[in-house]
Structure formats: C-alpha cells, structure tokens
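Undergrad: I'm passing along protein_24.txt; it holds compact mmCIF, C-alpha atoms.
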# COMPACT_ATOMS: atom_id res chain seq x y z
CA MET Q 1 -237.43 220.81 -278.11
CA ASP Q 2 -234.13 221.44 -276.40
CA LEU Q 3 -233.49 217.73 -276.12
CA LEU Q 4 -230.40 215.70 -277.00
CA PHE Q 5 -230.20 211.96 -277.60
CA VAL Q 6 -226.95 210.60 -276.18
CA THR Q 7 -225.88 208.23 -278.95
CA GLY Q 8 -223.31 207.93 -281.66
CA ASN Q 9 -225.63 205.73 -283.74
CA LYS Q 10 -227.22 207.55 -286.70
CA ASN Q 11 -229.82 204.85 -287.30
CA LYS Q 12 -231.07 205.13 -283.75
CA LEU Q 13 -231.24 208.88 -284.11
CA LYS Q 14 -233.29 208.60 -287.28
CA GLU Q 15 -235.65 206.06 -285.71
CA ALA Q 16 -236.04 208.23 -282.61
CA SER Q 17 -236.92 211.31 -284.68
CA GLN Q 18 -239.47 209.34 -286.71
CA ILE Q 19 -241.26 208.00 -283.65
CA LEU Q 20 -240.98 211.15 -281.54
CA GLY Q 21 -242.36 213.24 -284.38
CA PHE Q 22 -239.70 215.93 -284.27
CA GLU Q 23 -236.03 216.00 -285.13
CA VAL Q 24 -233.95 215.02 -282.15
CA LYS Q 25 -230.26 215.86 -282.26
CA GLY Q 26 -227.58 213.42 -281.19
CA ILE Q 27 -224.60 213.97 -278.98
CA GLU Q 28 -221.75 211.65 -278.15
CA VAL Q 29 -220.69 211.75 -274.52
CA ASP Q 30 -217.86 209.69 -273.10
CA VAL Q 31 -219.68 208.09 -270.18
CA PRO Q 32 -218.99 204.48 -269.22
CA GLU Q 33 -221.57 201.74 -268.96
CA ILE Q 34 -221.52 200.37 -265.45
CA GLN Q 35 -221.75 196.66 -264.72
CA ASP Q 36 -225.33 195.60 -264.22
CA ILE Q 37 -227.84 193.18 -265.67
CA GLU Q 38 -230.68 195.68 -265.48
CA VAL Q 39 -230.69 198.22 -268.31
CA ASP Q 40 -232.55 200.76 -266.14
CA ASN Q 41 -229.64 200.99 -263.68
CA ILE Q 42 -227.09 201.46 -266.44
CA ILE Q 43 -229.22 204.13 -268.06
CA GLU Q 44 -229.79 206.07 -264.86
CA TYR Q 45 -226.06 206.24 -264.13
CA LYS Q 46 -225.28 207.20 -267.71
CA ALA Q 47 -228.05 209.80 -267.93
CA ARG Q 48 -226.97 211.61 -264.77
CA LYS Q 49 -223.31 211.58 -265.82
CA ALA Q 50 -224.10 212.68 -269.36
CA TYR Q 51 -226.21 215.54 -268.04
CA GLU Q 52 -223.23 216.81 -266.02
CA GLU Q 53 -221.39 217.21 -269.32
CA VAL Q 54 -224.21 218.42 -271.50
CA LYS Q 55 -226.31 220.52 -269.11
CA ARG Q 56 -229.36 220.13 -271.31
CA PRO Q 57 -232.27 217.67 -271.17
CA ILE Q 58 -231.15 214.35 -272.58
CA ILE Q 59 -232.50 210.96 -273.47
CA ILE Q 60 -230.43 207.81 -273.52
CA GLU Q 61 -231.29 204.28 -274.59
CA ASP Q 62 -230.16 200.74 -273.84
CA THR Q 63 -231.51 197.32 -274.73
CA GLY Q 64 -231.05 194.02 -272.93
CA LEU Q 65 -231.93 190.41 -273.61
CA TYR Q 66 -233.12 188.54 -270.52
CA PHE Q 67 -233.19 184.73 -270.24
CA GLU Q 68 -235.90 183.70 -267.81
CA SER Q 69 -234.28 180.35 -266.96
CA MET Q 70 -231.18 182.26 -265.84
CA ASN Q 71 -233.01 184.75 -263.64
CA GLY Q 72 -232.66 187.43 -266.24
CA PHE Q 73 -229.00 186.98 -267.08
CA PRO Q 74 -227.44 188.42 -269.21
CA GLY Q 75 -229.82 191.37 -269.71
CA ALA Q 76 -227.76 194.44 -270.48
CA LEU Q 77 -224.61 192.29 -270.52
CA ILE Q 78 -225.80 190.42 -273.64
CA LYS Q 79 -223.25 192.28 -275.76
CA TRP Q 80 -220.41 190.62 -273.84
CA VAL Q 81 -221.86 187.15 -274.22
CA LEU Q 82 -222.36 187.79 -277.92
CA LYS Q 83 -218.82 189.11 -278.31
CA SER Q 84 -217.39 186.03 -276.58
CA VAL Q 85 -219.40 183.11 -277.92
CA GLY Q 86 -221.71 184.52 -280.61
CA ASN Q 87 -225.29 183.49 -281.27
CA LYS Q 88 -224.26 179.85 -281.67
CA GLY Q 89 -222.71 179.90 -278.21
CA ILE Q 90 -225.79 181.49 -276.64
CA VAL Q 91 -227.96 178.76 -278.08
CA LYS Q 92 -225.62 176.19 -276.49
CA ILE Q 93 -225.70 177.94 -273.11
CA LEU Q 94 -229.49 177.60 -273.03
CA LYS Q 95 -229.45 173.89 -273.88
CA ASN Q 96 -229.24 172.80 -270.22
CA MET Q 97 -231.28 175.58 -268.66
CA GLY Q 98 -234.70 173.93 -268.82
CA HIS Q 99 -236.49 176.34 -271.15
CA ARG Q 100 -235.81 179.07 -273.66
CA LYS Q 101 -238.15 181.83 -272.58
CA ALA Q 102 -236.67 185.27 -272.92
CA TYR Q 103 -237.65 188.89 -273.21
CA ALA Q 104 -236.07 191.85 -274.87
CA LYS Q 105 -236.28 195.17 -273.08
CA THR Q 106 -235.45 198.64 -274.29
CA SER Q 107 -235.41 201.45 -271.78
CA ILE Q 108 -235.11 205.12 -272.50
CA GLY Q 109 -233.97 207.40 -269.73
CA TYR Q 110 -234.90 211.08 -269.65
CA PHE Q 111 -233.06 213.51 -267.38
CA ASP Q 112 -233.31 217.27 -267.29
CA GLY Q 113 -231.15 217.87 -264.24
CA ASP Q 114 -234.17 217.62 -262.02
CA GLU Q 115 -236.58 214.94 -263.13
CA PHE Q 116 -235.39 211.45 -264.06
CA ARG Q 117 -237.82 209.17 -265.92
CA ILE Q 118 -237.57 205.74 -267.49
CA PHE Q 119 -239.77 204.48 -270.34
CA SER Q 120 -239.56 200.81 -271.23
CA GLY Q 121 -240.76 198.50 -273.95
CA ILE Q 122 -240.73 194.75 -273.44
CA ILE Q 123 -241.23 192.02 -276.05
CA LYS Q 124 -241.61 188.47 -274.82
CA GLY Q 125 -240.38 185.56 -276.86
CA GLU Q 126 -237.91 182.73 -276.88
CA ILE Q 127 -234.39 181.90 -277.90
CA CYS Q 128 -234.33 179.54 -280.89
CA GLU Q 129 -232.54 176.22 -280.93
CA GLU Q 130 -230.43 177.43 -283.84
CA PRO Q 131 -229.78 180.93 -285.24
CA ARG Q 132 -232.16 181.73 -288.13
CA GLY Q 133 -232.34 184.58 -290.62
CA GLU Q 134 -229.90 187.13 -291.96
CA ASN Q 135 -231.61 190.48 -291.74
CA GLY Q 136 -230.62 192.26 -288.60
CA PHE Q 137 -227.74 192.46 -286.20
CA GLY Q 138 -226.71 191.37 -282.72
CA TRP Q 139 -229.00 188.67 -281.39
CA ASP Q 140 -231.80 189.22 -283.95
CA MET Q 141 -231.24 185.76 -285.42
CA ILE Q 142 -231.89 183.89 -282.17
CA PHE Q 143 -234.88 185.82 -280.78
CA GLN Q 144 -238.37 184.81 -281.85
CA PRO Q 145 -241.10 187.11 -280.50
CA GLU Q 146 -244.19 185.51 -278.97
CA GLY Q 147 -246.95 184.96 -281.53
CA TYR Q 148 -244.56 184.89 -284.49
CA ASP Q 149 -242.83 182.00 -286.22
CA LYS Q 150 -239.96 184.18 -287.41
CA THR Q 151 -236.91 185.49 -285.62
CA PHE Q 152 -236.25 189.23 -285.80
CA ALA Q 153 -233.60 188.41 -288.43
CA GLU Q 154 -236.20 186.63 -290.59
CA MET Q 155 -238.49 189.69 -290.64
CA THR Q 156 -238.31 192.68 -292.94
CA ASN Q 157 -237.14 195.90 -291.28
CA GLU Q 158 -240.73 197.10 -291.45
CA GLU Q 159 -242.14 194.03 -289.69
CA LYS Q 160 -239.45 194.16 -287.03
CA ASN Q 161 -239.72 197.88 -286.32
CA ASP Q 162 -243.46 197.56 -286.09
CA ILE Q 163 -243.28 195.25 -283.07
CA SER Q 164 -239.98 196.35 -281.57
CA MET Q 165 -239.44 197.02 -277.90
CA ARG Q 166 -237.57 200.13 -278.97
CA LYS Q 167 -240.69 201.49 -280.66
CA ILE Q 168 -242.81 200.96 -277.55
CA ALA Q 169 -240.22 202.72 -275.40
CA PHE Q 170 -240.00 205.68 -277.78
CA GLU Q 171 -243.78 205.95 -278.01
CA LYS Q 172 -243.99 206.22 -274.22
CA THR Q 173 -241.22 208.79 -274.29
CA ARG Q 174 -243.12 210.79 -276.92
CA GLU Q 175 -246.27 210.75 -274.83
CA PHE Q 176 -244.35 212.07 -271.83
CA LEU Q 177 -242.55 214.75 -273.84
CA PHE Q 178 -245.76 216.05 -275.44
CA LYS Q 179 -247.50 216.18 -272.07
CA LEU Q 180 -244.50 218.05 -270.68
CA ASP Q 181 -244.66 220.42 -273.62
CA LYS Q 182 -248.33 221.15 -272.97
CA GLU Q 183 -247.51 221.91 -269.36
CA VAL Q 184 -244.41 224.01 -269.78
CA GLY Q 185 -244.30 224.68 -273.52
CA SER Q 186 -240.77 223.46 -273.97
CA LEU Q 187 -241.15 221.44 -277.15
CA MET K 188 -195.42 204.29 -247.89
CA ASP K 189 -197.95 206.88 -248.87
CA LEU K 190 -200.07 204.26 -250.59
CA LEU K 191 -203.79 203.55 -250.32
CA PHE K 192 -205.59 200.36 -251.28
CA VAL K 193 -208.97 201.20 -252.80
CA THR K 194 -211.18 198.60 -251.14
CA GLY K 195 -213.88 198.31 -248.52
CA ASN K 196 -212.90 194.71 -247.76
CA LYS K 197 -210.96 194.34 -244.50
CA ASN K 198 -209.80 190.81 -245.30
CA LYS K 199 -208.24 191.94 -248.54
CA LEU K 200 -206.54 194.77 -246.70
CA LYS K 201 -205.07 192.38 -244.14
CA GLU K 202 -203.89 189.98 -246.82
CA ALA K 203 -202.33 192.83 -248.80
CA SER K 204 -200.44 194.12 -245.74
CA GLN K 205 -199.14 190.63 -244.96
CA ILE K 206 -197.81 190.03 -248.45
CA LEU K 207 -196.55 193.57 -249.07
CA GLY K 208 -194.70 193.52 -245.76
CA PHE K 209 -195.96 196.88 -244.53
CA GLU K 210 -199.32 198.11 -243.37
CA VAL K 211 -201.33 199.41 -246.26
CA LYS K 212 -204.32 201.60 -245.47
CA GLY K 213 -207.67 201.18 -247.16
CA ILE K 214 -209.93 203.78 -248.66
CA GLU K 215 -213.41 203.43 -250.07
CA VAL K 216 -214.00 205.42 -253.23
CA ASP K 217 -217.28 205.52 -255.09
CA VAL K 218 -216.04 204.65 -258.57
CA PRO K 219 -218.08 202.39 -260.84
CA GLU K 220 -216.88 199.20 -262.45
CA ILE K 221 -217.18 199.54 -266.19
CA GLN K 222 -218.47 196.73 -268.39
CA ASP K 223 -215.61 194.58 -269.60
CA ILE K 224 -214.50 190.97 -269.53
CA GLU K 225 -210.87 191.89 -268.96
CA VAL K 226 -210.07 192.81 -265.35
CA ASP K 227 -207.12 194.95 -266.45
CA ASN K 228 -209.42 197.36 -268.31
CA ILE K 229 -211.77 197.69 -265.37
CA ILE K 230 -208.88 198.31 -263.02
CA GLU K 231 -207.26 200.95 -265.20
CA TYR K 232 -210.49 202.94 -265.43
CA LYS K 233 -211.12 202.60 -261.72
CA ALA K 234 -207.55 203.45 -260.72
CA ARG K 235 -207.48 206.66 -262.76
CA LYS K 236 -210.89 207.73 -261.48
CA ALA K 237 -210.04 206.87 -257.87
CA TYR K 238 -206.82 208.84 -258.13
CA GLU K 239 -208.79 211.94 -259.14
CA GLU K 240 -210.59 211.69 -255.81
CA VAL K 241 -207.71 210.59 -253.60
CA LYS K 242 -204.72 212.41 -255.14
CA ARG K 243 -202.33 209.91 -253.59
CA PRO K 244 -200.73 206.74 -254.99
CA ILE K 245 -203.27 203.95 -254.95
CA ILE K 246 -203.55 200.27 -255.65
CA ILE K 247 -206.74 198.56 -256.69
CA GLU K 248 -207.55 194.88 -257.22
CA ASP K 249 -209.99 192.80 -259.23
CA THR K 250 -210.29 189.09 -259.96
CA GLY K 251 -211.93 187.35 -262.89
CA LEU K 252 -212.70 183.77 -263.84
CA TYR K 253 -212.13 183.01 -267.51
CA PHE K 254 -213.63 180.01 -269.32
CA GLU K 255 -211.38 179.01 -272.20
CA SER K 256 -214.16 177.31 -274.18
CA MET K 257 -216.06 180.63 -274.12
CA ASN K 258 -213.16 182.77 -275.29
CA GLY K 259 -212.59 184.05 -271.80
CA PHE K 260 -216.17 184.86 -270.87
CA PRO K 261 -217.20 185.81 -268.21
CA GLY K 262 -213.84 187.02 -266.79
CA ALA K 263 -214.50 190.05 -264.63
CA LEU K 264 -218.25 189.61 -265.19
CA ILE K 265 -218.25 186.31 -263.23
CA LYS K 266 -219.98 188.04 -260.29
CA TRP K 267 -223.07 188.66 -262.45
CA VAL K 268 -223.24 185.08 -263.66
CA LEU K 269 -222.87 183.88 -260.08
CA LYS K 270 -225.53 186.27 -258.85
CA SER K 271 -227.96 185.09 -261.52
CA VAL K 272 -227.48 181.32 -261.69
CA GLY K 273 -225.05 180.42 -258.90
CA ASN K 274 -222.32 177.81 -259.07
CA LYS K 275 -224.81 175.12 -260.09
CA GLY K 276 -225.86 177.23 -263.06
CA ILE K 277 -222.27 177.86 -264.13
CA VAL K 278 -221.59 174.14 -264.14
CA LYS K 279 -224.63 173.68 -266.41
CA ILE K 280 -223.51 176.44 -268.77
CA LEU K 281 -220.22 174.62 -269.34
CA LYS K 282 -221.88 171.27 -270.08
CA ASN K 283 -222.17 171.96 -273.83
CA MET K 284 -219.04 174.00 -274.30
CA GLY K 285 -216.65 171.17 -275.16
CA HIS K 286 -214.24 171.43 -272.24
CA ARG K 287 -213.95 172.91 -268.77
CA LYS K 288 -210.57 174.63 -268.85
CA ALA K 289 -210.51 177.90 -266.98
CA TYR K 290 -208.14 180.32 -265.36
CA ALA K 291 -208.48 182.70 -262.49
CA LYS K 292 -206.74 186.03 -262.79
CA THR K 293 -206.14 188.70 -260.19
CA SER K 294 -204.76 192.00 -261.32
CA ILE K 295 -203.57 194.84 -259.16
CA GLY K 296 -203.37 198.28 -260.64
CA TYR K 297 -200.99 200.92 -259.31
CA PHE K 298 -201.42 204.58 -260.21
CA ASP K 299 -199.60 207.56 -258.78
CA GLY K 300 -201.01 210.21 -261.10
CA ASP K 301 -198.18 209.65 -263.51
CA GLU K 302 -197.23 206.00 -263.82
CA PHE K 303 -199.85 203.29 -264.27
CA ARG K 304 -198.80 199.67 -263.74
CA ILE K 305 -200.61 196.34 -263.68
CA PHE K 306 -199.43 193.24 -261.81
CA SER K 307 -201.24 189.99 -262.48
CA GLY K 308 -201.37 186.50 -261.07
CA ILE K 309 -202.93 183.67 -263.06
CA ILE K 310 -203.86 180.19 -261.83
CA LYS K 311 -204.89 177.65 -264.44
CA GLY K 312 -207.40 174.97 -263.65
CA GLU K 313 -210.82 173.69 -264.56
CA ILE K 314 -214.45 174.07 -263.63
CA CYS K 315 -215.78 170.95 -261.88
CA GLU K 316 -218.79 168.99 -263.02
CA GLU K 317 -220.47 169.68 -259.69
CA PRO K 318 -219.71 172.21 -256.93
CA ARG K 319 -217.49 170.69 -254.20
CA GLY K 320 -216.38 171.93 -250.80
CA GLU K 321 -217.63 174.46 -248.31
CA ASN K 322 -214.67 176.56 -247.30
CA GLY K 323 -214.53 179.70 -249.34
CA PHE K 324 -216.81 182.05 -251.18
CA GLY K 325 -217.89 183.01 -254.68
CA TRP K 326 -216.81 180.40 -257.21
CA ASP K 327 -214.29 178.65 -254.92
CA MET K 328 -216.38 175.46 -254.94
CA ILE K 329 -216.27 174.99 -258.72
CA PHE K 330 -212.64 175.87 -259.48
CA GLN K 331 -209.99 173.16 -259.24
CA PRO K 332 -206.45 174.43 -259.79
CA GLU K 333 -204.18 172.47 -262.13
CA GLY K 334 -202.16 169.82 -260.28
CA TYR K 335 -204.63 169.56 -257.40
CA ASP K 336 -207.56 167.23 -256.84
CA LYS K 337 -209.36 169.71 -254.62
CA THR K 338 -211.40 172.78 -255.41
CA PHE K 339 -210.44 176.03 -253.65
CA ALA K 340 -213.42 175.40 -251.35
CA GLU K 341 -212.02 171.99 -250.35
CA MET K 342 -208.68 173.50 -249.30
CA THR K 343 -207.81 175.06 -245.96
CA ASN K 344 -207.35 178.83 -246.04
CA GLU K 345 -203.63 178.24 -245.75
CA GLU K 346 -203.47 175.88 -248.72
CA LYS K 347 -205.58 178.18 -250.82
CA ASN K 348 -203.74 181.37 -249.98
CA ASP K 349 -200.45 179.65 -250.67
CA ILE K 350 -201.30 179.08 -254.33
CA SER K 351 -203.67 181.95 -254.95
CA MET K 352 -203.54 184.23 -257.98
CA ARG K 353 -204.02 187.11 -255.56
CA LYS K 354 -200.79 186.21 -253.75
CA ILE K 355 -198.82 186.15 -257.00
CA ALA K 356 -200.21 189.55 -258.00
CA PHE K 357 -199.40 191.07 -254.60
CA GLU K 358 -195.88 189.62 -254.66
CA LYS K 359 -195.25 191.27 -258.01
CA THR K 360 -196.65 194.51 -256.62
CA ARG K 361 -194.35 194.26 -253.60
CA GLU K 362 -191.33 193.75 -255.83
CA PHE K 363 -192.24 196.86 -257.84
CA LEU K 364 -192.91 198.96 -254.74
CA PHE K 365 -189.63 198.02 -253.09
CA LYS K 366 -187.69 198.77 -256.27
CA LEU K 367 -189.48 202.11 -256.47
CA ASP K 368 -188.58 202.74 -252.84
CA LYS K 369 -184.90 202.08 -253.51
CA GLU K 370 -184.99 204.51 -256.42
CA VAL K 371 -186.96 207.33 -254.88
CA GLY K 372 -187.13 206.41 -251.22
CA SER K 373 -190.89 206.71 -250.98
CA LEU K 374 -191.67 203.63 -248.89
Could you write out this file's structure as structure tokens?

TA:
Amino acid sequence: MDLLFVTGNKNKLKEASQILGFEVKGIEVDVPEIQDIEVDNIIEYKARKAYEEVKRPIIIEDTGLYFESMNGFPGALIKWVLKSVGNKGIVKILKNMGHRKAYAKTSIGYFDGDEFRIFSGIIKGEICEEPRGENGFGWDMIFQPEGYDKTFAEMTNEEKNDISMRKIAFEKTREFLFKLDKEVGSL
Amino acid sequence: MDLLFVTGNKNKLKEASQILGFEVKGIEVDVPEIQDIEVDNIIEYKARKAYEEVKRPIIIEDTGLYFESMNGFPGALIKWVLKSVGNKGIVKILKNMGHRKAYAKTSIGYFDGDEFRIFSGIIKGEICEEPRGENGFGWDMIFQPEGYDKTFAEMTNEEKNDISMRKIAFEKTREFLFKLDKEVGSL
C-alpha cells in the first residue's frame, strides 16, 4: 500500500509492519507537536501538516498517559513531566491526588489528503506507589495494567506487546486499511 | 515603528504600548505553540512562523511558571496544569516536592526576518500553601513574589504591574528598539 508511517523510530516501524501484516515504510517529517493534553488533537495537527509535505497517505502515532485524579493531565504531555521529574517524581505528584487510577492511550491518525481517521487503543490501570521493573522505557515502570500484578517494566516484551494499547490501535488501523483496500484496491 | 505585536489580547497590547512608549499594533496569527517547558523555545518557533505570514518585524510574548523542585516544570506548560487541576491542584502537587520555590518568566521575542532577539523578565517567589486573593487571573493567587507577603492576586493592579516580569521584559525590549531606532531610524 502506498502508505507512509511518519516516525523516526525503527522499533515502532517494525511493530507496525508486524501488526498491519505488510511492510510499512517510515518517513521523518519535521512537524512540531502542538501543546495539548489530548493525543488525538496533536495527531490531527501533525497528520495534516505532514501530509502537506509528503503528499501521500500517512499514518502517525502518539501515546499519552492520563491520570484520572488530575482530569486526564498530563496525557500527551507525559514526556515533559518525565523529563523534568522522572518516574519517582510522578509517583510523588500522585501522592496527594486521592487515587492512582490512570489509563494509557495510543492513537493512530490516518490522513490521505481527504479522509482523516483516528484509531485508538486504551489500557486502564494505575500508577504504582514506587517504580518497579527494569524492562521497558519511559513510564513503563510505574504503570500497572488492570488485572495484572506487574508493571509494564516487569513484563517480558511478549507479555507487554500482547496487551499494549499500541497493538489495539494498530489492529483497528489494519481493519480500516484492509476494508479500504477491498473497496478501492489500494493496498 | 513598523512593528506588530502578535497577540489577540487587547490588555497586553495596551500594556505593551504604555511601556514601549509608542502605540504598537496587534495582529492575530494562527501559529501553534509547540510543546516545550522553556518559553524561549516556544517564542522562537512562533516568531519565525508568524514572520512568514506577516513579513514585517514582530514581537511575541509568552509567560511561564517554573517550579524549582520540579526542575522547572511546568514552565510554559503551566496553562495545561491549571486547566486540568486548577490552583488548588497545583498546591497539592507541590506538597511532596520538598520546597515551594518558583519563578515566573516572561519572554518577548523580536524577529525582523533577519535578527532574532529574546528579552526576558524573571520574578522569583514561591507557591503558597493555599490560593489567596481574588484580583488577577491564571496562577496569580498562588504566586507570592520574593520580598512580599501578598500573592499577585492580593495586590492592586498597580502594585502587580509595577513589579511584573512582563514589565521587565517590555522595558528591555524598549531599550533594544530605541537603540535600533537610533542606528537605523526605523522607529
């Protein structure tokens, strides 16, 4: 399919190709991330801007971590909280917020110059009282998915990928792309 | 002077004209704010993008609130914290962070298509244990400047404007603009 994944991350590209079931090519586009808590808004802006450069159907992905006691904050801005205070700091922030419920959301935006679509995967869980585990990156060591007694960083890659919000989002994207292909034969 | 202030805020425009000593005209430009903690980075991006639209010398302003115990977070992202948890939430966030030192920073970016300059004003202070005062907006009721026993929201407009980081930044801008005017006679 004449589809490009706007990312500079080879691991994401590999994962996307595996789940989509065909090899998707990556492209790096210099488009800024706008300020917003909601990943969907950031993705829509980025997708439309990236399309202007690329002029081919693209997909683009972003993941946020939403704290329910903080009305969703930080969401897509989690990377800035992490950069400033780390996982230990995030755990402290939540100490006075009443509860630790959180959800992780990955959204994938598709834009072909005409149709814009968003496909999301959400995993509910909670932020731990202390970081736990060493496998993973970002906030993996403080997020424990509902129904599990391990953080993402305490799981094997296989376990984590099997329940990841990214997987759900890519599966929905695949479903859409294959339906589109049946309709217009573009895949 | 052939200078435009990129803002849709009439109060800011009035304040700018008063401090600069000449009437500066406003212009609204649809340029996004990129994700960053540092106001200077956001301003530089915005100034260069706005110039592409306007093609005339512009100034642009942004203010951030930096918590020292959180390595500066949230800085320019303060509006998102405020929107999510309000001043009461911010006060709670700081409860486990060790201390309440903070600084407010206004930066003004100038760009004429060639030269880019930043002028900043910083006011040190601390975040109160509880919001206090009713005059003001945003985080005025939780920020108490060093050497004062009032928050910005407990001061009169006059008192507040007299010590504001915005005033310092505009005074530095004025100095630069008048020097520029002497050199090239553009004012």

Undergrad: Give the centre and edge lengths of an axis-aligned box, in Å to one decimal, that holds all listed atoms of range 71-76 of chain Q with 3 Å on each side, as AutoDock Vina command-line options.

TA:
--center_x -230.2 --center_y 189.6 --center_z -267.1 --size_x 11.6 --size_y 15.7 --size_z 12.8

Undergrad: Mind checking which residues fall within 9 Å of range 149-165 of chain Q, counting only C-alpha atoms, ignoring those fewer than 3 positions away in the same chain, and posting them as JSON, numbers by chain?

TA: {"Q": [63, 104, 105, 106, 107, 120, 121, 122, 123, 127, 128, 131, 132, 133, 134, 135, 136, 137, 139, 140, 141, 142, 143, 144, 145, 146, 168, 169, 170]}

Undergrad: Could you please select, counting only C-alpha atoms, the residues of chain Q within 8 Å of chain K and state them as a list in words?

TA: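 That gives the following set of residues: Pro32, Glu33, Ile34, Gln35, Asp36, Ile37, Met70, Asn71, Gly72, Phe73, Pro74, Leu77, Trp80, Val81, Ser84, Val85, Gly89, Lys92, Ile93, Leu94, Lys95, Asn96 and Met97 of chain Q.
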
Undergrad: From the set Q:Glu61, Q:Glu52, Q:Glu28, Q:Asp181, which residue has the shortest atom-to-atom contact distance to Ile118 in chain Q, counting all atoms listed in the file?

TA: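 That would be Q:Glu61, the residue with the smallest distance to Ile118 in chain Q.
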
Undergrad: Using Å and a single decimal, report how far CA of Gly109 in chain Q sits from CA of Lys25 in chain Q.

TA: 15.6 Å

Undergrad: If you measure from CA of Leu367 in chain K to CA of Asn228 in chain K, what distance in Å do you get, rounded to one decimal?

TA: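 Separation between CA of Leu367 in chain K and CA of Asn228 in chain K: 23.7 Å.
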
Undergrad: I'd like the interatomic distance between CA of Leu13 in chain Q and CA of Phe176 in chain Q, to a tenth of an Å.

TA: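 CA of Phe176 in chain Q lies 18.2 Å from CA of Leu13 in chain Q.
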
Undergrad: Select all residues near (-205.5, 203.3, -258.4) (cut-off 12 Å, inclusive, file coordinates), counting only C-alpha atoms, and output them as a PyMOL selection string.

TA: chain K and resi 190-194+213-216+218+227+229-249+294-305
